[in-house]
file input-v2.pdb (PDB, C-alpha atoms)
ATOM      1  CA  MET A 117     -27.132   5.695  -5.881  1.00  0.00           C
ATOM      2  CA  ASP A 118     -25.107   2.488  -5.793  1.00  0.00           C
ATOM      3  CA  TYR A 119     -22.319   3.249  -8.272  1.00  0.00           C
ATOM      4  CA  PHE A 120     -20.191   6.200  -9.333  1.00  0.00           C
ATOM      5  CA  GLU A 121     -16.942   6.900 -11.166  1.00  0.00           C
ATOM      6  CA  ARG A 122     -14.567   9.741 -10.418  1.00  0.00           C
ATOM      7  CA  LYS A 123     -11.081  10.973 -11.193  1.00  0.00           C
ATOM      8  CA  LEU A 124      -8.860  11.869  -8.260  1.00  0.00           C
ATOM      9  CA  ASP A 125      -7.505  15.391  -8.280  1.00  0.00           C
ATOM     10  CA  ASP A 126      -3.792  16.174  -8.096  1.00  0.00           C
ATOM     11  CA  LYS A 127      -3.884  15.946  -4.279  1.00  0.00           C
ATOM     12  CA  ARG A 128      -5.365  12.379  -4.337  1.00  0.00           C
ATOM     13  CA  ARG A 129      -8.803  13.630  -3.297  1.00  0.00           C
ATOM     14  CA  LEU A 130     -11.961  11.733  -4.164  1.00  0.00           C
ATOM     15  CA  THR A 131     -15.121  13.804  -4.549  1.00  0.00           C
ATOM     16  CA  ILE A 132     -18.159  12.103  -3.054  1.00  0.00           C
ATOM     17  CA  PRO A 133     -21.349  12.752  -5.064  1.00  0.00           C
ATOM     18  CA  THR A 134     -23.679  15.316  -3.494  1.00  0.00           C
ATOM     19  CA  GLU A 135     -26.429  12.694  -3.080  1.00  0.00           C
ATOM     20  CA  LEU A 136     -24.161  10.617  -0.803  1.00  0.00           C
ATOM     21  CA  ARG A 137     -22.532  13.252   1.386  1.00  0.00           C
ATOM     22  CA  ASP A 138     -25.042  12.942   4.225  1.00  0.00           C
ATOM     23  CA  GLU A 139     -24.118   9.245   4.444  1.00  0.00           C
ATOM     24  CA  PHE A 140     -20.565  10.291   5.347  1.00  0.00           C
ATOM     25  CA  ALA A 141     -21.481  13.130   7.734  1.00  0.00           C
ATOM     26  CA  SER A 142     -20.042  11.092  10.643  1.00  0.00           C
ATOM     27  CA  GLY A 143     -16.671  10.861   8.888  1.00  0.00           C
ATOM     28  CA  VAL A 144     -14.908   8.457   6.551  1.00  0.00           C
ATOM     29  CA  VAL A 145     -12.802   5.337   7.152  1.00  0.00           C
ATOM     30  CA  LEU A 146     -10.672   3.886   4.356  1.00  0.00           C
ATOM     31  CA  THR A 147      -9.091   0.436   4.583  1.00  0.00           C
ATOM     32  CA  ARG A 148      -7.668  -2.285   2.417  1.00  0.00           C
ATOM     33  CA  GLY A 149     -10.304  -4.642   1.071  1.00  0.00           C
ATOM     34  CA  PHE A 150     -10.340  -8.418   0.821  1.00  0.00           C
ATOM     35  CA  GLY A 151      -8.819  -8.202  -2.665  1.00  0.00           C
ATOM     36  CA  ASN A 152      -7.135  -5.622  -4.879  1.00  0.00           C
ATOM     37  CA  TYR A 153      -9.500  -2.813  -3.838  1.00  0.00           C
ATOM     38  CA  LEU A 154     -10.338  -0.507  -0.937  1.00  0.00           C
ATOM     39  CA  HIS A 155     -13.270  -0.281   1.450  1.00  0.00           C
ATOM     40  CA  LEU A 156     -14.839   3.106   2.137  1.00  0.00           C
ATOM     41  CA  TYR A 157     -16.981   3.192   5.298  1.00  0.00           C
ATOM     42  CA  PRO A 158     -19.011   5.936   6.894  1.00  0.00           C
ATOM     43  CA  GLN A 159     -17.486   6.358  10.372  1.00  0.00           C
ATOM     44  CA  ASN A 160     -20.748   5.384  12.080  1.00  0.00           C
ATOM     45  CA  VAL A 161     -20.885   2.106  10.099  1.00  0.00           C
ATOM     46  CA  TRP A 162     -17.274   1.352  11.056  1.00  0.00           C
ATOM     47  CA  ASP A 163     -18.043   1.984  14.721  1.00  0.00           C
ATOM     48  CA  ARG A 164     -21.341   0.089  14.736  1.00  0.00           C
ATOM     49  CA  GLU A 165     -20.489  -2.931  12.558  1.00  0.00           C
ATOM     50  CA  VAL A 166     -16.792  -3.358  11.831  1.00  0.00           C
ATOM     51  CA  GLU A 167     -15.284  -2.666  15.263  1.00  0.00           C
ATOM     52  CA  PRO A 168     -17.558  -5.197  17.019  1.00  0.00           C
ATOM     53  CA  ALA A 169     -16.821  -7.773  14.292  1.00  0.00           C
ATOM     54  CA  LEU A 170     -13.079  -7.353  14.948  1.00  0.00           C
ATOM     55  CA  GLN A 171     -13.449  -8.216  18.625  1.00  0.00           C
ATOM     56  CA  GLY A 172     -12.882 -11.733  19.875  1.00  0.00           C
ATOM     57  CA  SER A 173     -10.343 -13.965  21.494  1.00  0.00           C
ATOM     58  CA  ILE A 174      -6.776 -12.763  21.226  1.00  0.00           C
ATOM     59  CA  LEU A 175      -5.863 -16.367  20.398  1.00  0.00           C
ATOM     60  CA  ASP A 176      -8.299 -16.653  17.460  1.00  0.00           C
ATOM     61  CA  GLU A 177      -6.203 -16.540  14.295  1.00  0.00           C
ATOM     62  CA  LYS A 178      -9.170 -15.528  12.084  1.00  0.00           C
ATOM     63  CA  VAL A 179      -9.894 -12.540  14.318  1.00  0.00           C
ATOM     64  CA  ALA A 180      -6.218 -11.581  14.286  1.00  0.00           C
ATOM     65  CA  ASP A 181      -6.029 -11.876  10.486  1.00  0.00           C
ATOM     66  CA  LEU A 182      -9.121  -9.700  10.050  1.00  0.00           C
ATOM     67  CA  ASN A 183      -7.685  -7.078  12.406  1.00  0.00           C
ATOM     68  CA  VAL A 184      -4.430  -6.958  10.474  1.00  0.00           C
ATOM     69  CA  ARG A 185      -6.232  -6.769   7.114  1.00  0.00           C
ATOM     70  CA  PHE A 186      -8.576  -3.955   8.107  1.00  0.00           C
ATOM     71  CA  ARG A 187      -6.270  -1.963  10.368  1.00  0.00           C
ATOM     72  CA  HIS A 188      -3.145  -2.091   8.138  1.00  0.00           C
ATOM     73  CA  GLY A 189      -3.071   1.350   6.579  1.00  0.00           C
ATOM     74  CA  LYS A 190      -6.514   2.321   7.909  1.00  0.00           C
ATOM     75  CA  THR A 191      -7.174   6.033   7.692  1.00  0.00           C
ATOM     76  CA  GLY A 192      -9.953   8.198   9.018  1.00  0.00           C
ATOM     77  CA  ALA A 193     -10.983  11.631   7.821  1.00  0.00           C
ATOM     78  CA  GLU A 194     -13.759  14.151   7.509  1.00  0.00           C
ATOM     79  CA  LEU A 195     -15.224  15.181   4.180  1.00  0.00           C
ATOM     80  CA  ASP A 196     -14.151  18.557   2.912  1.00  0.00           C
ATOM     81  CA  GLN A 197     -17.346  20.520   3.635  1.00  0.00           C
ATOM     82  CA  LYS A 198     -17.180  22.725   0.539  1.00  0.00           C
ATOM     83  CA  GLN A 199     -16.732  20.061  -2.126  1.00  0.00           C
ATOM     84  CA  GLY A 200     -17.273  16.753  -0.305  1.00  0.00           C
ATOM     85  CA  ARG A 201     -13.773  15.446  -0.901  1.00  0.00           C
ATOM     86  CA  VAL A 202     -11.659  12.955   1.010  1.00  0.00           C
ATOM     87  CA  THR A 203      -7.923  12.407   0.524  1.00  0.00           C
ATOM     88  CA  ILE A 204      -6.824   8.834  -0.167  1.00  0.00           C
ATOM     89  CA  GLU A 205      -3.351   8.012   1.139  1.00  0.00           C
ATOM     90  CA  GLN A 206      -0.855   6.973  -1.554  1.00  0.00           C
ATOM     91  CA  HIS A 207      -0.121   3.594   0.079  1.00  0.00           C
ATOM     92  CA  LEU A 208      -3.818   2.682  -0.186  1.00  0.00           C
ATOM     93  CA  LEU A 209      -3.934   3.743  -3.845  1.00  0.00           C
ATOM     94  CA  ASP A 210      -0.850   1.614  -4.492  1.00  0.00           C
ATOM     95  CA  TYR A 211      -2.438  -1.391  -2.760  1.00  0.00           C
ATOM     96  CA  ALA A 212      -5.537  -1.142  -4.966  1.00  0.00           C
ATOM     97  CA  SER A 213      -3.573  -0.263  -8.134  1.00  0.00           C
ATOM     98  CA  ILE A 214      -5.584   2.938  -8.450  1.00  0.00           C
ATOM     99  CA  ASP A 215      -3.855   5.583 -10.506  1.00  0.00           C
ATOM    100  CA  ARG A 216      -6.321   8.380 -11.108  1.00  0.00           C
ATOM    101  CA  GLU A 217      -9.662   6.852 -12.061  1.00  0.00           C
ATOM    102  CA  VAL A 218     -11.814   5.304  -9.336  1.00  0.00           C
ATOM    103  CA  VAL A 219     -14.891   3.112  -9.623  1.00  0.00           C
ATOM    104  CA  ALA A 220     -17.060   3.057  -6.480  1.00  0.00           C
ATOM    105  CA  VAL A 221     -19.681   0.368  -5.942  1.00  0.00           C
ATOM    106  CA  ARG A 222     -21.947   0.026  -2.922  1.00  0.00           C
ATOM    107  CA  ALA A 223     -21.458  -3.257  -1.052  1.00  0.00           C
ATOM    108  CA  GLY A 224     -24.268  -3.104   1.474  1.00  0.00           C
ATOM    109  CA  VAL A 225     -23.467  -0.409   4.034  1.00  0.00           C
ATOM    110  CA  TYR A 226     -19.984   0.384   2.711  1.00  0.00           C
ATOM    111  CA  TRP A 227     -18.345   1.084  -0.659  1.00  0.00           C
ATOM    112  CA  ARG A 228     -15.730  -0.759  -2.688  1.00  0.00           C
ATOM    113  CA  LEU A 229     -13.229   1.521  -4.439  1.00  0.00           C
ATOM    114  CA  GLN A 230     -11.249   0.037  -7.286  1.00  0.00           C
ATOM    115  CA  SER A 231      -9.460   0.781 -10.505  1.00  0.00           C
ATOM    116  CA  PRO A 232     -11.631   0.528 -13.628  1.00  0.00           C
ATOM    117  CA  THR A 233      -9.324  -2.270 -14.785  1.00  0.00           C
ATOM    118  CA  THR A 234      -9.843  -4.445 -11.686  1.00  0.00           C
ATOM    119  CA  SER A 235     -11.836  -7.604 -12.379  1.00  0.00           C
ATOM    120  CA  ILE A 236     -14.940  -8.258 -10.335  1.00  0.00           C
TER     121      ILE A 236
END

call {"tool": "encode", "arguments": {"input": "input-v2.pdb", "output": "structure tokens"}}
result
Amino acid sequence: MDYFERKLDDKRRLTIPTELRDEFASGVVLTRGFGNYLHLYPQNVWDREVEPALQGSILDEKVADLNVRFRHGKTGAELDQKQGRVTIEQHLLDYASIDREVVAVRAGVYWRLQSPTTSI
């Protein structure tokens, strides 16, 4: 599965499809994306790929900019075991202009979450 659409519940929770829940067994990391969308990472992908990519010289402006982009508002969570839900913080929803409907598209080893009205 590389694409799904969902509606957030009243508590801003996104339900992950059953077929994908094992992918997020290590936990979930949500961050701002490069554009008007969010990134959804399995915790093990964040630890294995993103954290090392954010390392570098403290005087490297590109490294600093990437750290600010991906750590600003970053949240971590576990999936609700009963229904496979994760709560998305309101400030992240505001950043991505997501009201209630969410489109999720796989981007390699992570997911892009966006409003259905966001242009690709």

call {"tool": "closest_residue", "arguments": {"input": "input-v2.pdb", "among": "A:Asp138, A:Gly192, A:Ile132, A:Lys178", "to": "A:Trp162", "atoms": "all atoms listed in the file"}}
result
A:Gly192

call {"tool": "residues_near_point", "arguments": {"input": "input-v2.pdb", "point": "(-16.2, 10.2, 9.2)", "cutoff": "8 Å", "atoms": "only C-alpha atoms", "output": "count of residues only"}}
result
13

call {"tool": "resolve_selection", "arguments": {"input": "input-v2.pdb", "expression": "the PyMOL selection byres ((chain A and resi 183) around 12)", "output": "list in words"}}
result
Thr147, Arg148, Gly149, Phe150, Val166, Glu167, Pro168, Ala169, Leu170, Gln171, Gly172, Ser173, Ile174, Asp176, Glu177, Lys178, Val179, Ala180, Asp181, Leu182, Val184, Arg185, Phe186, Arg187, His188, Gly189 and Lys190 of chain A

call {"tool": "atom_distance", "arguments": {"input": "input-v2.pdb", "atom1": "atom CA of A:Thr234", "atom2": "atom CA of A:Asn152"}}
result
7.4 Å

call {"tool": "closest_residue", "arguments": {"input": "input-v2.pdb", "among": "A:His155, A:Asp196, A:Val225, A:Leu175", "to": "A:Ala212", "atoms": "all atoms listed in the file"}}
result
A:His155

call {"tool": "resolve_selection", "arguments": {"input": "input-v2.pdb", "expression": "the PyMOL selection byres ((chain A and resi 201) around 7)", "output": "list in words"}}
result
Arg129, Leu130, Thr131, Ile132, Leu195, Asp196, Gln199, Gly200, Val202 and Thr203 of chain A

call {"tool": "resolve_selection", "arguments": {"input": "input-v2.pdb", "expression": "the PyMOL selection byres ((chain A and resi 124-128) around 12)", "output": "list in words"}}
result
Glu121, Arg122, Lys123, Arg129, Leu130, Thr131, Ile132, Arg201, Val202, Thr203, Ile204, Glu205, Gln206, His207, Leu208, Leu209, Asp210, Ile214, Asp215, Arg216, Glu217, Val218, Val219, Leu229 and Ser231 of chain A

call {"tool": "axis_aligned_box", "arguments": {"input": "input-v2.pdb", "around": "stretch 225-232 of chain A", "padding_each_side": "4 Å", "output": "AutoDock Vina command-line options"}}
result
--center_x -16.5 --center_y 0.4 --center_z -4.8 --size_x 22.0 --size_y 10.3 --size_z 25.7

call {"tool": "atom_distance", "arguments": {"input": "input-v2.pdb", "atom1": "atom CA of A:Thr134", "atom2": "atom CA of A:Ser235"}}
result
27.3 Å
